[in-house]
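Asker: Sharing target21.txt below, compact mmCIF, C-alpha atoms and all ligand atoms:
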```
# COMPACT_ATOMS: atom_id res chain seq x y z
CA MET X 1 7.87 13.71 67.46
CA ILE X 2 9.52 15.94 64.89
CA ASP X 3 12.60 13.73 65.07
CA ARG X 4 10.49 10.71 64.30
CA ILE X 5 8.93 12.39 61.32
CA GLU X 6 12.33 13.30 59.99
CA ALA X 7 13.59 9.76 60.47
CA ILE X 8 10.58 8.39 58.57
CA GLU X 9 11.09 10.96 55.89
CA GLN X 10 14.71 9.96 55.38
CA GLN X 11 13.99 6.27 55.34
CA ALA X 12 11.13 6.75 52.91
CA SER X 13 13.09 8.87 50.54
CA SER X 14 15.94 6.33 50.30
CA ALA X 15 13.35 3.59 49.76
CA VAL X 16 11.85 5.63 46.91
CA GLU X 17 15.21 6.06 45.25
CA ALA X 18 16.02 2.38 45.73
CA ALA X 19 12.83 1.21 43.97
CA GLN X 20 13.79 -0.29 40.59
CA THR X 21 10.35 -1.07 39.19
CA SER X 22 6.91 0.48 39.27
CA ASP X 23 5.73 -2.45 41.40
CA ALA X 24 8.50 -1.93 43.95
CA LEU X 25 7.67 1.76 44.04
CA GLU X 26 4.01 0.98 44.70
CA GLN X 27 5.09 -1.16 47.69
CA VAL X 28 7.08 1.76 49.03
CA ARG X 29 4.06 4.00 48.65
CA VAL X 30 1.86 1.59 50.60
CA GLN X 31 4.56 1.17 53.25
CA TYR X 32 4.94 4.90 53.92
CA LEU X 33 1.64 6.45 52.85
CA GLY X 34 -0.78 3.52 53.10
CA ARG X 35 -3.60 3.33 55.58
CA LYS X 36 -1.51 1.62 58.29
CA ALA X 37 1.71 3.55 57.71
CA ASP X 38 3.37 5.69 60.39
CA LEU X 39 3.18 9.07 58.73
CA PRO X 40 -0.57 9.02 58.08
CA ASN X 41 -1.01 7.71 61.63
CA ILE X 42 0.90 10.66 62.99
CA LEU X 43 -1.23 13.02 60.90
CA ARG X 44 -4.42 11.40 62.14
CA GLY X 45 -3.16 11.68 65.76
CA VAL X 46 -2.32 15.39 65.59
CA ALA X 47 -5.70 16.34 67.11
CA GLU X 48 -4.91 14.33 70.23
CA LEU X 49 -1.55 16.00 70.86
CA PRO X 50 -1.12 18.68 73.49
CA PRO X 51 -2.24 21.97 71.91
CA GLU X 52 1.26 23.54 71.96
CA GLN X 53 2.67 20.68 69.81
CA ARG X 54 -0.18 20.41 67.30
CA GLY X 55 0.88 23.26 65.00
CA ALA X 56 4.54 22.29 64.59
CA VAL X 57 3.96 18.52 64.30
CA GLY X 58 1.01 18.90 61.91
CA LYS X 59 2.96 21.24 59.71
CA ARG X 60 6.07 19.07 59.60
CA ALA X 61 4.14 15.83 58.99
CA ASN X 62 2.13 17.41 56.20
CA GLN X 63 5.26 18.73 54.59
CA ALA X 64 6.88 15.29 54.84
CA ARG X 65 3.82 13.69 53.22
CA LYS X 66 3.75 16.17 50.36
CA GLN X 67 7.45 15.76 49.71
CA LEU X 68 7.14 12.00 49.77
CA GLU X 69 4.22 12.08 47.34
CA ALA X 70 6.18 14.31 44.99
CA ALA X 71 9.26 12.07 45.21
CA ILE X 72 7.15 8.99 44.45
CA GLU X 73 5.62 10.68 41.46
CA ARG X 74 9.01 11.78 40.09
CA ARG X 75 10.51 8.34 40.62
CA GLY X 76 7.44 6.75 38.98
CA ALA X 77 7.78 8.88 35.88
CA ALA X 78 11.49 8.11 35.63
CA LEU X 79 10.88 4.37 36.02
CA GLU X 80 8.14 4.43 33.41
CA ALA X 81 10.33 6.28 30.93
CA ALA X 82 13.16 3.82 31.55
CA GLU X 83 10.83 0.86 31.13
CA LEU X 84 9.49 2.31 27.86
CA GLU X 85 13.05 2.82 26.62
CA ARG X 86 13.90 -0.73 27.49
CA ARG X 87 10.79 -2.10 25.80
CA LEU X 88 11.38 -0.04 22.66
CA ALA X 89 14.90 -1.39 22.47
CA SER X 90 14.01 -5.03 23.10
CA ASP X 91 10.76 -5.11 21.07
CA ALA X 92 12.27 -3.47 17.99
CA ILE X 93 10.98 -5.23 14.88
CA ASP X 94 12.85 -5.04 11.60
CA VAL X 95 9.94 -4.58 9.20
CA THR X 96 12.28 -5.01 6.26
CA LEU X 97 12.94 -8.66 7.12
CA PRO X 98 10.86 -11.23 5.20
CA GLY X 99 7.84 -12.51 7.12
CA ASP X 100 7.88 -15.95 8.66
CA PRO X 101 6.76 -17.73 6.57
CA PRO X 102 7.58 -15.20 3.82
CA GLN X 103 4.41 -13.74 2.29
CA PRO X 104 4.01 -13.36 -1.47
CA VAL X 105 4.55 -9.69 -2.36
CA GLY X 106 1.68 -9.45 -4.86
CA ARG X 107 1.75 -7.36 -8.01
CA LEU X 108 -0.03 -4.58 -9.83
CA HIS X 109 -3.17 -5.58 -11.70
CA VAL X 110 -2.39 -6.20 -15.35
CA LEU X 111 -4.62 -3.27 -16.34
CA THR X 112 -2.71 -0.93 -14.02
CA GLN X 113 0.60 -2.20 -15.39
CA THR X 114 -0.59 -1.72 -18.95
CA ARG X 115 -1.92 1.78 -18.27
CA ARG X 116 1.37 2.80 -16.69
CA GLU X 117 3.33 1.33 -19.59
CA ILE X 118 1.23 3.28 -22.07
CA GLU X 119 1.62 6.47 -20.01
CA ASP X 120 5.39 5.98 -19.88
CA VAL X 121 5.62 5.70 -23.66
CA PHE X 122 3.72 8.93 -24.25
CA LEU X 123 5.44 10.79 -21.43
CA GLY X 124 8.65 9.90 -23.23
CA LEU X 125 7.23 11.46 -26.42
CA GLY X 126 6.49 14.73 -24.64
CA PHE X 127 2.79 14.23 -23.88
CA SER X 128 1.34 15.02 -20.48
CA VAL X 129 -1.28 12.98 -18.65
CA LEU X 130 -4.73 14.40 -17.84
CA GLU X 131 -7.81 12.92 -16.21
CA GLY X 132 -11.45 13.88 -16.48
CA PRO X 133 -14.98 13.20 -15.23
CA GLU X 134 -16.64 9.83 -15.78
CA VAL X 135 -20.10 11.39 -15.43
CA GLU X 136 -20.23 13.62 -18.48
CA SER X 137 -22.65 15.95 -20.19
CA VAL X 138 -24.19 14.95 -23.51
CA ARG X 139 -22.68 18.15 -24.84
CA TYR X 140 -19.10 17.04 -24.19
CA ASN X 141 -19.65 13.34 -24.83
CA PHE X 142 -21.50 13.74 -28.15
CA ASP X 143 -22.48 17.27 -29.31
CA ALA X 144 -19.09 18.98 -29.22
CA LEU X 145 -17.59 15.86 -30.78
CA ASN X 146 -19.70 16.37 -33.87
CA HIS X 147 -22.07 13.42 -33.37
CA SER X 148 -25.18 13.76 -35.54
CA PRO X 149 -28.47 14.01 -33.61
CA THR X 150 -29.29 10.47 -34.72
CA HIS X 151 -25.95 8.84 -34.00
CA PRO X 152 -26.71 5.34 -32.60
CA ALA X 153 -24.33 5.75 -29.64
CA ARG X 154 -26.72 8.39 -28.28
CA GLY X 155 -29.37 5.71 -27.78
CA ARG X 156 -30.43 4.40 -24.36
CA SER X 157 -29.63 0.89 -25.54
CA ASP X 158 -25.93 1.77 -26.06
CA THR X 159 -25.28 4.31 -23.35
CA PHE X 160 -25.99 4.68 -19.61
CA TYR X 161 -27.94 7.90 -19.01
CA VAL X 162 -27.81 9.58 -15.61
CA ALA X 163 -30.25 12.28 -16.75
CA ASP X 164 -31.57 13.42 -20.14
CA ASP X 165 -28.40 15.45 -20.77
CA VAL X 166 -25.92 13.52 -18.59
CA VAL X 167 -24.27 10.17 -19.37
CA LEU X 168 -21.59 7.87 -18.05
CA ARG X 169 -18.96 8.79 -20.63
CA THR X 170 -18.84 6.28 -23.46
CA HIS X 171 -15.27 7.19 -24.38
CA THR X 172 -12.46 9.44 -23.16
CA SER X 173 -12.87 11.72 -26.20
CA PRO X 174 -14.92 14.38 -24.34
CA MET X 175 -11.64 15.19 -22.61
CA GLN X 176 -10.37 16.39 -26.01
CA ILE X 177 -12.77 19.32 -25.68
CA ARG X 178 -12.08 19.91 -21.99
CA ALA X 179 -8.31 19.83 -22.56
CA MET X 180 -8.53 22.37 -25.38
CA GLU X 181 -10.80 24.63 -23.33
CA ALA X 182 -8.27 24.52 -20.50
CA GLN X 183 -5.14 25.44 -22.46
CA PRO X 184 -4.21 26.94 -25.82
CA PRO X 185 -2.16 25.06 -28.44
CA PRO X 186 0.37 23.54 -28.78
CA LEU X 187 -1.27 20.69 -26.90
CA TYR X 188 0.09 17.16 -26.43
CA VAL X 189 -1.94 15.14 -23.93
CA ILE X 190 -3.12 11.66 -23.15
CA ILE X 191 -6.14 10.92 -20.98
CA PRO X 192 -6.47 7.48 -19.35
CA GLY X 193 -9.73 6.63 -17.62
CA ARG X 194 -12.86 4.54 -17.16
CA VAL X 195 -15.61 4.52 -19.75
CA TYR X 196 -19.01 2.85 -19.85
CA ARG X 197 -21.13 1.13 -22.51
CA ARG X 198 -24.10 -1.21 -22.46
CA ASP X 199 -22.10 -4.14 -23.73
CA SER X 200 -21.17 -7.46 -22.19
CA ASP X 201 -19.38 -10.47 -23.68
CA ALA X 202 -15.91 -12.05 -23.78
CA THR X 203 -14.38 -8.95 -25.38
CA HIS X 204 -16.62 -6.24 -23.87
CA THR X 205 -17.39 -5.29 -20.27
CA PRO X 206 -19.91 -2.55 -19.36
CA GLN X 207 -17.10 -0.62 -17.72
CA PHE X 208 -13.67 -0.59 -19.31
CA HIS X 209 -10.66 1.69 -19.77
CA GLN X 210 -9.40 3.84 -22.57
CA VAL X 211 -6.43 6.06 -23.20
CA GLU X 212 -7.21 9.08 -25.34
CA GLY X 213 -4.47 10.91 -27.17
CA LEU X 214 -4.61 14.42 -28.59
CA ALA X 215 -1.94 16.50 -30.29
CA VAL X 216 -2.75 19.95 -31.66
CA ASP X 217 -0.13 22.23 -33.13
CA ARG X 218 0.75 24.03 -36.35
CA GLY X 219 1.37 21.73 -39.29
CA ILE X 220 0.37 18.41 -37.72
CA THR X 221 -0.27 15.72 -40.37
CA LEU X 222 -1.40 12.13 -40.58
CA ALA X 223 2.28 11.19 -40.85
CA ASP X 224 2.80 12.52 -37.31
CA LEU X 225 -0.05 10.29 -36.14
CA LYS X 226 1.42 7.27 -37.85
CA GLY X 227 4.92 7.93 -36.53
CA THR X 228 3.64 8.41 -33.01
CA LEU X 229 1.62 5.19 -33.10
CA LEU X 230 4.51 3.27 -34.67
CA ASP X 231 6.70 4.34 -31.76
CA PHE X 232 3.95 3.39 -29.31
CA SER X 233 3.40 -0.01 -30.95
CA ARG X 234 7.07 -0.88 -30.91
CA ALA X 235 7.39 0.12 -27.26
CA ILE X 236 4.41 -2.01 -26.23
CA PHE X 237 4.46 -4.95 -28.65
CA GLY X 238 8.10 -5.28 -29.71
CA ALA X 239 10.77 -3.43 -31.64
CA ASP X 240 10.09 -5.03 -35.03
CA ARG X 241 6.39 -4.11 -35.24
CA GLU X 242 4.85 -2.25 -38.18
CA VAL X 243 1.58 -0.32 -38.17
CA ARG X 244 -0.97 0.23 -40.93
CA LEU X 245 -3.87 2.66 -41.13
CA ARG X 246 -7.21 1.59 -42.62
CA PRO X 247 -9.92 4.13 -43.55
CA HIS X 248 -12.74 4.29 -41.01
CA PHE X 249 -15.31 6.73 -39.64
CA PHE X 250 -15.55 8.66 -36.41
CA PRO X 251 -17.72 11.77 -36.12
CA PHE X 252 -14.91 13.84 -34.59
CA THR X 253 -11.98 12.97 -36.86
CA GLU X 254 -11.55 13.49 -40.59
CA PRO X 255 -10.05 11.48 -42.09
CA SER X 256 -10.56 8.68 -39.57
CA VAL X 257 -8.58 5.47 -39.41
CA GLU X 258 -8.39 2.19 -37.63
CA VAL X 259 -4.86 1.24 -36.72
CA ASP X 260 -3.43 -2.26 -36.90
CA VAL X 261 -0.14 -3.53 -35.55
CA SER X 262 1.68 -6.38 -37.28
CA CYS X 263 0.99 -9.63 -35.46
CA PHE X 264 3.73 -10.52 -32.99
CA ASN X 265 2.29 -13.95 -32.41
CA CYS X 266 2.67 -15.33 -35.93
CA ALA X 267 6.04 -13.71 -36.13
CA ARG X 268 7.21 -15.75 -33.17
CA ASP X 269 6.71 -19.22 -34.62
CA GLY X 270 6.44 -18.26 -38.29
CA SER X 271 3.01 -19.84 -38.83
CA PRO X 272 -0.42 -18.14 -39.10
CA CYS X 273 -1.83 -17.79 -35.58
CA GLN X 274 -5.14 -17.86 -33.75
CA VAL X 275 -4.84 -14.29 -32.50
CA CYS X 276 -4.76 -12.57 -35.91
CA LYS X 277 -6.58 -15.41 -37.66
CA GLY X 278 -3.76 -15.59 -40.17
CA SER X 279 -4.23 -11.99 -41.37
CA GLY X 280 -0.92 -10.88 -39.89
CA TRP X 281 -2.50 -7.72 -38.39
CA LEU X 282 -4.16 -6.89 -35.08
CA GLU X 283 -6.49 -3.92 -34.65
CA ILE X 284 -5.34 -1.83 -31.71
CA LEU X 285 -7.18 1.51 -31.83
CA GLY X 286 -9.20 4.19 -33.60
CA ALA X 287 -7.70 7.51 -34.63
CA GLY X 288 -7.74 10.36 -37.11
CA MET X 289 -7.13 14.02 -37.78
CA VAL X 290 -9.17 16.27 -35.49
CA ASP X 291 -12.23 17.38 -37.47
CA PRO X 292 -12.25 21.17 -38.10
CA ASN X 293 -15.80 21.19 -36.74
CA VAL X 294 -14.44 20.01 -33.38
CA LEU X 295 -11.79 22.74 -33.35
CA GLY X 296 -14.60 25.15 -34.23
CA HIS X 297 -16.22 24.39 -30.86
CA VAL X 298 -13.11 25.64 -29.05
CA ARG X 299 -12.13 28.38 -31.54
CA GLU X 300 -12.41 31.08 -28.86
CA HIS X 301 -9.80 29.18 -26.78
CA GLY X 302 -7.17 29.64 -29.49
CA TYR X 303 -8.02 26.72 -31.77
CA ASP X 304 -8.59 28.29 -35.19
CA PRO X 305 -8.95 25.39 -37.67
CA GLU X 306 -7.21 27.58 -40.27
CA GLU X 307 -4.19 27.91 -37.99
CA VAL X 308 -3.77 24.59 -36.16
CA GLN X 309 -4.28 20.94 -36.95
CA GLY X 310 -4.37 17.91 -34.73
CA PHE X 311 -4.50 14.17 -34.49
CA ALA X 312 -6.40 12.12 -31.95
CA PHE X 313 -6.55 8.48 -31.03
CA GLY X 314 -8.36 6.30 -28.53
CA MET X 315 -7.39 2.82 -27.40
CA GLY X 316 -8.92 0.29 -25.01
CA ILE X 317 -6.51 -0.69 -22.25
CA GLU X 318 -8.23 -4.08 -21.86
CA ARG X 319 -7.75 -4.71 -25.58
CA ILE X 320 -4.06 -3.77 -25.49
CA ALA X 321 -3.52 -6.01 -22.46
CA ALA X 322 -5.54 -8.87 -23.97
CA LEU X 323 -3.47 -8.76 -27.16
CA LYS X 324 -0.17 -8.39 -25.38
CA TYR X 325 -0.73 -11.19 -22.87
CA GLY X 326 -3.09 -13.38 -24.91
CA ILE X 327 -6.05 -13.03 -22.54
CA PRO X 328 -8.99 -14.82 -24.18
CA ASP X 329 -11.79 -13.37 -22.02
CA ILE X 330 -11.36 -9.87 -20.59
CA ARG X 331 -14.11 -10.51 -18.03
CA THR X 332 -11.54 -12.54 -16.09
CA LEU X 333 -9.66 -9.28 -15.47
CA TYR X 334 -12.51 -8.21 -13.18
CA GLN X 335 -13.12 -11.46 -11.32
CA ASN X 336 -10.12 -10.96 -9.02
CA ASP X 337 -9.00 -14.57 -9.12
CA VAL X 338 -5.31 -14.32 -8.22
CA ARG X 339 -4.60 -17.56 -10.10
CA VAL X 340 -5.56 -15.66 -13.25
CA LEU X 341 -4.07 -12.28 -12.38
CA GLU X 342 -0.68 -13.56 -11.23
CA GLN X 343 0.00 -14.92 -14.71
CA PHE X 344 0.50 -11.48 -16.21
CA GLY X 345 3.39 -9.08 -16.20
N1 LIG O 401 -13.51 7.58 -29.05
C1 LIG O 401 -13.34 6.56 -30.05
C2 LIG O 401 -13.97 5.27 -29.52
O1 LIG O 401 -14.20 5.16 -28.35
C3 LIG O 401 -11.89 6.30 -30.35
C4 LIG O 401 -11.22 7.48 -31.02
C5 LIG O 401 -10.59 8.43 -30.27
C6 LIG O 401 -11.24 7.61 -32.40
C7 LIG O 401 -9.96 9.51 -30.89
C8 LIG O 401 -10.65 8.66 -33.02
C9 LIG O 401 -10.00 9.59 -32.27
O2 LIG O 401 -14.23 4.34 -30.26
```
Would you kindly transcribe this structure into structure tokens?
Answerer:
Amino acid sequence: MIDRIEAIEQQASSAVEAAQTSDALEQVRVQYLGRKADLPNILRGVAELPPEQRGAVGKRANQARKQLEAAIERRGAALEAAELERRLASDAIDVTLPGDPPQPVGRLHVLTQTRREIEDVFLGLGFSVLEGPEVESVRYNFDALNHSPTHPARGRSDTFYVADDVVLRTHTSPMQIRAMEAQPPPLYVIIPGRVYRRDSDATHTPQFHQVEGLAVDRGITLADLKGTLLDFSRAIFGADREVRLRPHFFPFTEPSVEVDVSCFNCARDGSPCQVCKGSGWLEILGAGMVDPNVLGHVREHGYDPEEVQGFAFGMGIERIAALKYGIPDIRTLYQNDVRVLEQFG
């Protein structure tokens, strides 16, 4: 009987090694360990053997079964690993190949492109980029920026209130205060971000984007502001642009200016154009020298108005993009019609 078990064992183990697939291995398992196979039959018959044989035969048969099970498991794992290897090799996809048919690659939204372009210009001038909260306290959005208690922008008809003293920021200027609180001068920062106003027509959307700029240092003058914005304008609108400053009012700058860039549209074909209405100038942003009252709010952070001066500016990204690309209605920038968006940049 022991001889028979050993013969089965040998046969089985060569069959296991010969199996080349998981399916073939499963057949071997059924053949040698299945319900009708010899070895299990022998095990089941042990009880009927003469008592003096039971111990030795039972022990040997059990050992053979265990070894066979282990061999099948080992062979199974090896086959599976080999099959996985083979599949990985044959199924390899080169994701760098163009699709079939090739898919259009898409592009950044024109507002994202424009924001990045603006950031690049100011990074090149030594400014760093900050971001700040869109839900803002009345204190930062208006009070610390020197708005009079009756300033119209404080009204519920102009501004979205979240609570009596909390608004959706109406401009990125509150970040002037936060930036100065966070670090002492010299300070050269720009702050891109979303802002909100109760406004809606072809040139205004209730949510839009601004880029704030703030430079505070010793001896900063309006000439530094003009030079900075000239550089900016030439980078964005073309190398032969000029800028001009017109007197204006903002509560937090003194003096305040509106800044125009020379029209690049007229210049192209030499005749007065639709964009500037023949004036030759396009308004691009508001700016000014930081009001000493604003510095006074952050005096304890190192901003003594007797010691440092600053300039600030704020531009609408939609406006810059609309001018640059001749977009007649900025609401189309938010309608996500690719036929519109793929025309820009
Ligand atoms: N915050 C102003 C606005 O939204 C723009 C501005 C910024 C003006 C900084 C002056 C200085 O209209």
Asker: I'd like the interatomic distance between CA of Leu187 in chain X and CA of Val110 in chain X, to a tenth of an Å.
Answerer: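 So the two atoms, CA of Leu187 in chain X and CA of Val110 in chain X, lie 29.3 Å apart.
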Asker: Give the residue list for ligand LIG 401 (chain O) at 8 Å, counting all atoms listed in the file, as a PDB file with C-alpha atoms, keeping the file's coordinate frame, sorted by chain and then by residue number.
Answerer:
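The file below, pocket.pdb, is the result:
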```pdb
ATOM      1  CA  THR X 170     -18.840   6.280 -23.460  1.00  0.00           C
ATOM      2  CA  HIS X 171     -15.270   7.190 -24.380  1.00  0.00           C
ATOM      3  CA  THR X 172     -12.460   9.440 -23.160  1.00  0.00           C
ATOM      4  CA  SER X 173     -12.870  11.720 -26.200  1.00  0.00           C
ATOM      5  CA  GLN X 210      -9.400   3.840 -22.570  1.00  0.00           C
ATOM      6  CA  GLU X 212      -7.210   9.080 -25.340  1.00  0.00           C
ATOM      7  CA  GLY X 213      -4.470  10.910 -27.170  1.00  0.00           C
ATOM      8  CA  LEU X 214      -4.610  14.420 -28.590  1.00  0.00           C
ATOM      9  CA  PHE X 250     -15.550   8.660 -36.410  1.00  0.00           C
ATOM     10  CA  PHE X 252     -14.910  13.840 -34.590  1.00  0.00           C
ATOM     11  CA  THR X 253     -11.980  12.970 -36.860  1.00  0.00           C
ATOM     12  CA  SER X 256     -10.560   8.680 -39.570  1.00  0.00           C
ATOM     13  CA  VAL X 257      -8.580   5.470 -39.410  1.00  0.00           C
ATOM     14  CA  LEU X 285      -7.180   1.510 -31.830  1.00  0.00           C
ATOM     15  CA  GLY X 286      -9.200   4.190 -33.600  1.00  0.00           C
ATOM     16  CA  ALA X 287      -7.700   7.510 -34.630  1.00  0.00           C
ATOM     17  CA  GLY X 288      -7.740  10.360 -37.110  1.00  0.00           C
ATOM     18  CA  MET X 289      -7.130  14.020 -37.780  1.00  0.00           C
ATOM     19  CA  VAL X 290      -9.170  16.270 -35.490  1.00  0.00           C
ATOM     20  CA  PHE X 311      -4.500  14.170 -34.490  1.00  0.00           C
ATOM     21  CA  ALA X 312      -6.400  12.120 -31.950  1.00  0.00           C
ATOM     22  CA  PHE X 313      -6.550   8.480 -31.030  1.00  0.00           C
ATOM     23  CA  GLY X 314      -8.360   6.300 -28.530  1.00  0.00           C
ATOM     24  CA  MET X 315      -7.390   2.820 -27.400  1.00  0.00           C
ATOM     25  CA  GLY X 316      -8.920   0.290 -25.010  1.00  0.00           C
TER      26      GLY X 316
END
```
Asker: When you count all atoms listed in the file, which of these residues is closest to Leu111 in chain X: X:Val308, X:Val211, X:Val46, X:Val259?
Answerer: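 The answer is X:Val211, which sits nearest to Leu111 in chain X.
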Asker: For Asp217 in chain X, find every residue with an atom within 10 Å (counting only C-alpha atoms), except residues of its own chain fewer than 5 positions away, and show them as number ranges by chain.
Answerer: X: 184-188, 303, 307-311
Asker: In Å, rounded to a single decimal, give me how far CA of Leu282 in chain X is from CA of Phe264 in chain X.
Answerer: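 Answer for the CA of Phe264 in chain X to CA of Leu282 in chain X separation: 8.9 Å.
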Asker: Give as a PyMOL selection string each residue that has an atom at most 6 Å from (2.6, 1.3, -27.3) in the file, counting only C-alpha atoms.
Answerer: chain X and resi 118+232-233+235-236
Asker: Please save C-alpha atoms of the selected residues as a compact mmCIF listing (two decimals), keeping the file's coordinate frame.
Answerer:
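Wrote it out as out00.txt, contents follow:
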```txt
# COMPACT_ATOMS: atom_id res chain seq x y z
CA ILE X 118 1.23 3.28 -22.07
CA PHE X 232 3.95 3.39 -29.31
CA SER X 233 3.40 -0.01 -30.95
CA ALA X 235 7.39 0.12 -27.26
CA ILE X 236 4.41 -2.01 -26.23
```
Asker: Give me, please, the distance in Å between CA of Ile2 in chain X and CA of Gly58 in chain X, quoted to one decimal.
Answerer: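 Interatomic distance, CA of Ile2 in chain X to CA of Gly58 in chain X: 9.5 Å.
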Asker: List the spatial neighbours of Leu230 in chain X as an MDAnalysis selection string - criterion: any atom at most 12 Å away, all atoms listed in the file, same-chain residues fewer than 6 positions off excluded.
Answerer: chainID X and resid 121:122 125 223:224 236:245 259:262 284
Asker: Between X:Gly278, X:Gly193, X:Gly45, X:Pro152, which one has atoms that come closest to Arg116 in chain X, using only C-alpha atoms?
Answerer: X:Gly193
Asker: Just checking: using only C-alpha atoms, which residue out of X:Ile72, X:Gln63, X:Val166, X:Gly219 ends up closest to Gln27 in chain X?
Answerer: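 The shortest atom-to-atom distance to Gln27 in chain X comes from X:Ile72.
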Asker: Within 10 Å of (-23.7, 12.3, -28.0) (file coordinates; all atoms listed in the file), which protein or nucleic acid residues are there? I'd like them as a list of chain:residue names.
Answerer: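 Those residues, ordered by chain and then number, are X:Ser137, X:Val138, X:Arg139, X:Tyr140, X:Asn141, X:Phe142, X:Asp143, X:Ala144, X:Leu145, X:Asn146, X:His147, X:Ser148, X:Pro149, X:Thr150, X:His151, X:Pro152, X:Ala153, X:Arg154, X:Gly155, X:Thr159, X:Asp165, X:Val166, X:Val167, X:Arg169, X:Thr170, X:Pro174.
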Asker: Using all atoms listed in the file, pick whichever of X:Ser279, X:Thr205, X:Gln176, X:Ser90 has the shortest atom-to-atom distance to His297 in chain X.
Answerer: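 Using all atoms listed in the file, His297 in chain X sits closest to X:Gln176.
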Asker: Between X:Leu25, X:Leu333, X:Ile177, X:Ala37, single out the one closest to Arg74 in chain X, counting all atoms listed in the file.
Answerer: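 Using all atoms listed in the file, the shortest distance to Arg74 in chain X belongs to X:Leu25.
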Asker: At a cut-off of 12 Å, using only C-alpha atoms, what residues contact Asn265 in chain X? Leave out same-chain residues fewer than 5 positions from it and give the result as a PyMOL selection string.
Answerer: chain X and resi 237-238+241+270-282+323-326
Asker: Select, from X:Val30, X:Cys266, X:Ile330, X:Val57, the residue with the minimum atom-to-atom distance to Ile5 in chain X, counting only C-alpha atoms.
Answerer: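 That would be X:Val57, the residue with the smallest distance to Ile5 in chain X.
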Asker: Residues near Thr332 in chain X, anyone? I mean within 12 Å using only C-alpha atoms, not counting same-chain ones fewer than 3 positions away, as JSON, numbers by chain.
Answerer: {"X": [109, 110, 111, 201, 202, 203, 204, 205, 318, 322, 327, 328, 329, 335, 336, 337, 338, 339, 340, 341, 342, 343]}
Asker: Could you list, as a PyMOL selection string, every residue within 9 Å of Gln207 in chain X, counting all atoms listed in the file and ignoring same-chain residues fewer than 6 positions away?
Answerer: chain X and resi 194-199
